[in-house]
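Colleague: Below you'll find the structure I mean.
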Amino acid sequence: MPILDERTLEFHSHSAEQTERLGVRLGELLQSGDLVCLAGDLGVGKTVFARGIARGWGSLDPVTSPTFVLINEYRRGDESRLSHVDAFRLGGPQEALSLGLRELLEDHGPVVVEWPERVAEALPRHRLWIHLQWVDESRRHLRMEAAGPRYERLLRAYRQAAFGG
Ligand SMILES: Nc1ncnc2c1ncn2[C@@H]1O[C@H](COP(=O)(O)OP(=O)(O)OP(=O)(O)O)[C@@H](O)[C@H]1O
Ligand SMILES: [Mg+2]
């Protein structure tokens, strides 16, 4: 696990199950207002990772790909909601804003966005950006980049929780 600097963490996942578990570790650390962007090609494992995030956060609802509904909301028995946005079918940043993307981030719960590149201009600069890349049939490379103090802290806590260092 090469540690490049304080703001970046890179590692490999060797299976879908491992990717989900790595998502769980992150979900356990998320707070209301946190933004996690999941970038990477079609079928690379963004939804698998998001499923782990939701489990770790404590979702009582099953995680499905929000490609057709654009935004899924998961509950966990308190007022907080985890929002799962798929920007693949959004027309662009303007549509993301009119769907209330900014409002979701304010006092609602954490927000996970698949295909964040599609709505980049609508996203706050401070966020955790995760880029997934295909290595082979079962392996993926993940690169996490923290922008902003909250996300640098989050990334440090994640490194500790997921890799013990
Ligand atoms: N190491 C791995 N991590 C994640 N998924 C993997 C891995 N190895 C194989 N897979 C498979 O890759 C697929 C990933 O699908 P998933 O729906 O998560 O992709 P996605 O990035 O969300 O795609 P889309 O762009 O369509 O939303 C699943 O079928 C999963 O089983
Ligand atoms: Mg997906």
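Letters for chains follow the order of the structure tokens (A, B, ...), residue numbers begin at 1 for each chain, and ligand numbers begin at 1 in the order shown.
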So that I can check the surroundings of Glu20 (chain A), please list as number ranges by chain every protein, DNA and RNA residue that reaches within 12 Å of it, counting only C-alpha atoms and ignoring chain neighbours fewer than 5 positions away.
Modeller: A: 13-15, 25-27, 45-56, 63, 140, 162
Colleague: Could you list, as a ChimeraX atom specification, all the residues within 10 Å of ligand 2, counting only C-alpha atoms and all ligand atoms?
Modeller: /A:38-51,64-67,84-88,113-115
Colleague: Hey, what's within 12 Å of Gly100 (chain A) if we count only C-alpha atoms and toss same-chain stuff fewer than 2 positions away? As a PyMOL selection string, please?
Modeller: chain A and resi 70-71+83+85+93-98+102-106+108+111+122-123
Colleague: For the alpha helix (DSSP H) assignment from backbone DSSP, which residues of region 65-129 of chain A qualify? Please present them as a ChimeraX atom specification.
Modeller: /A:93-98,101-105
Colleague: Keeping only all heavy atoms, write those residues as a PDB file, in the first residue's frame.
Modeller:
```pdb
ATOM      1  N   PRO A  93     -24.190  19.485 -14.571  1.00  0.00           N
ATOM      2  CA  PRO A  93     -24.177  20.122 -13.254  1.00  0.00           C
ATOM      3  C   PRO A  93     -25.483  20.848 -12.931  1.00  0.00           C
ATOM      4  O   PRO A  93     -25.956  20.802 -11.791  1.00  0.00           O
ATOM      5  CB  PRO A  93     -23.026  21.130 -13.357  1.00  0.00           C
ATOM      6  CG  PRO A  93     -22.202  20.702 -14.512  1.00  0.00           C
ATOM      7  CD  PRO A  93     -23.058  19.901 -15.417  1.00  0.00           C
ATOM      8  N   GLN A  94     -26.090  21.487 -13.943  1.00  0.00           N
ATOM      9  CA  GLN A  94     -27.316  22.252 -13.695  1.00  0.00           C
ATOM     10  C   GLN A  94     -28.436  21.341 -13.209  1.00  0.00           C
ATOM     11  O   GLN A  94     -29.181  21.685 -12.288  1.00  0.00           O
ATOM     12  CB  GLN A  94     -27.735  22.996 -14.973  1.00  0.00           C
ATOM     13  CG  GLN A  94     -28.460  24.285 -14.705  1.00  0.00           C
ATOM     14  CD  GLN A  94     -27.747  25.140 -13.654  1.00  0.00           C
ATOM     15  OE1 GLN A  94     -26.559  25.431 -13.787  1.00  0.00           O
ATOM     16  NE2 GLN A  94     -28.454  25.520 -12.590  1.00  0.00           N
ATOM     17  N   GLU A  95     -28.537  20.173 -13.822  1.00  0.00           N
ATOM     18  CA  GLU A  95     -29.574  19.227 -13.408  1.00  0.00           C
ATOM     19  C   GLU A  95     -29.298  18.706 -11.995  1.00  0.00           C
ATOM     20  O   GLU A  95     -30.216  18.518 -11.200  1.00  0.00           O
ATOM     21  CB  GLU A  95     -29.678  18.068 -14.398  1.00  0.00           C
ATOM     22  CG  GLU A  95     -30.945  17.257 -14.176  1.00  0.00           C
ATOM     23  CD  GLU A  95     -31.156  16.152 -15.197  1.00  0.00           C
ATOM     24  OE1 GLU A  95     -30.445  16.119 -16.218  1.00  0.00           O
ATOM     25  OE2 GLU A  95     -32.039  15.311 -14.952  1.00  0.00           O
ATOM     26  N   ALA A  96     -28.024  18.510 -11.679  1.00  0.00           N
ATOM     27  CA  ALA A  96     -27.666  18.061 -10.324  1.00  0.00           C
ATOM     28  C   ALA A  96     -28.095  19.109  -9.306  1.00  0.00           C
ATOM     29  O   ALA A  96     -28.633  18.781  -8.241  1.00  0.00           O
ATOM     30  CB  ALA A  96     -26.162  17.809 -10.232  1.00  0.00           C
ATOM     31  N   LEU A  97     -27.873  20.368  -9.631  1.00  0.00           N
ATOM     32  CA  LEU A  97     -28.246  21.444  -8.708  1.00  0.00           C
ATOM     33  C   LEU A  97     -29.755  21.530  -8.556  1.00  0.00           C
ATOM     34  O   LEU A  97     -30.273  21.693  -7.448  1.00  0.00           O
ATOM     35  CB  LEU A  97     -27.683  22.783  -9.193  1.00  0.00           C
ATOM     36  CG  LEU A  97     -26.153  22.921  -9.113  1.00  0.00           C
ATOM     37  CD1 LEU A  97     -25.700  24.228  -9.743  1.00  0.00           C
ATOM     38  CD2 LEU A  97     -25.662  22.812  -7.677  1.00  0.00           C
ATOM     39  N   SER A  98     -30.493  21.368  -9.672  1.00  0.00           N
ATOM     40  CA  SER A  98     -31.948  21.486  -9.569  1.00  0.00           C
ATOM     41  C   SER A  98     -32.554  20.271  -8.862  1.00  0.00           C
ATOM     42  O   SER A  98     -33.644  20.357  -8.312  1.00  0.00           O
ATOM     43  CB  SER A  98     -32.588  21.734 -10.943  1.00  0.00           C
ATOM     44  OG  SER A  98     -32.220  20.730 -11.837  1.00  0.00           O
ATOM     45  N   LEU A 101     -28.814  18.692  -5.076  1.00  0.00           N
ATOM     46  CA  LEU A 101     -27.572  18.064  -4.618  1.00  0.00           C
ATOM     47  C   LEU A 101     -26.941  18.822  -3.452  1.00  0.00           C
ATOM     48  O   LEU A 101     -26.508  18.221  -2.467  1.00  0.00           O
ATOM     49  CB  LEU A 101     -26.581  17.985  -5.782  1.00  0.00           C
ATOM     50  CG  LEU A 101     -25.284  17.234  -5.508  1.00  0.00           C
ATOM     51  CD1 LEU A 101     -25.543  15.764  -5.234  1.00  0.00           C
ATOM     52  CD2 LEU A 101     -24.336  17.366  -6.698  1.00  0.00           C
ATOM     53  N   ARG A 102     -26.905  20.149  -3.550  1.00  0.00           N
ATOM     54  CA  ARG A 102     -26.312  20.954  -2.474  1.00  0.00           C
ATOM     55  C   ARG A 102     -27.095  20.818  -1.173  1.00  0.00           C
ATOM     56  O   ARG A 102     -26.515  20.748  -0.095  1.00  0.00           O
ATOM     57  CB  ARG A 102     -26.238  22.439  -2.884  1.00  0.00           C
ATOM     58  CG  ARG A 102     -25.245  22.719  -3.985  1.00  0.00           C
ATOM     59  CD  ARG A 102     -23.850  22.351  -3.530  1.00  0.00           C
ATOM     60  NE  ARG A 102     -22.855  22.817  -4.474  1.00  0.00           N
ATOM     61  CZ  ARG A 102     -21.831  23.607  -4.148  1.00  0.00           C
ATOM     62  NH1 ARG A 102     -21.650  24.008  -2.916  1.00  0.00           N
ATOM     63  NH2 ARG A 102     -20.968  23.966  -5.067  1.00  0.00           N
ATOM     64  N   GLU A 103     -28.428  20.786  -1.294  1.00  0.00           N
ATOM     65  CA  GLU A 103     -29.289  20.680  -0.110  1.00  0.00           C
ATOM     66  C   GLU A 103     -29.087  19.331   0.586  1.00  0.00           C
ATOM     67  O   GLU A 103     -29.131  19.248   1.808  1.00  0.00           O
ATOM     68  CB  GLU A 103     -30.754  20.859  -0.485  1.00  0.00           C
ATOM     69  CG  GLU A 103     -31.152  22.283  -0.876  1.00  0.00           C
ATOM     70  CD  GLU A 103     -30.676  22.687  -2.263  1.00  0.00           C
ATOM     71  OE1 GLU A 103     -30.260  21.808  -3.042  1.00  0.00           O
ATOM     72  OE2 GLU A 103     -30.694  23.897  -2.571  1.00  0.00           O
ATOM     73  N   LEU A 104     -28.867  18.287  -0.236  1.00  0.00           N
ATOM     74  CA  LEU A 104     -28.642  16.959   0.347  1.00  0.00           C
ATOM     75  C   LEU A 104     -27.451  16.981   1.292  1.00  0.00           C
ATOM     76  O   LEU A 104     -27.416  16.270   2.299  1.00  0.00           O
ATOM     77  CB  LEU A 104     -28.352  15.933  -0.746  1.00  0.00           C
ATOM     78  CG  LEU A 104     -29.508  15.434  -1.593  1.00  0.00           C
ATOM     79  CD1 LEU A 104     -28.999  14.421  -2.606  1.00  0.00           C
ATOM     80  CD2 LEU A 104     -30.588  14.818  -0.717  1.00  0.00           C
ATOM     81  N   LEU A 105     -26.472  17.798   0.944  1.00  0.00           N
ATOM     82  CA  LEU A 105     -25.236  17.851   1.734  1.00  0.00           C
ATOM     83  C   LEU A 105     -25.398  18.648   3.018  1.00  0.00           C
ATOM     84  O   LEU A 105     -24.580  18.552   3.914  1.00  0.00           O
ATOM     85  CB  LEU A 105     -24.111  18.459   0.896  1.00  0.00           C
ATOM     86  CG  LEU A 105     -23.475  17.499  -0.108  1.00  0.00           C
ATOM     87  CD1 LEU A 105     -22.704  18.263  -1.158  1.00  0.00           C
ATOM     88  CD2 LEU A 105     -22.578  16.499   0.600  1.00  0.00           C
TER      89      LEU A 105
END
```
Colleague: Would you work out the distance separating atom 18 (O, counted along the ligand's line) of ligand 1 from CA of Asp107 (chain A), expressed in Å to one decimal?
Modeller: 27.3 Å
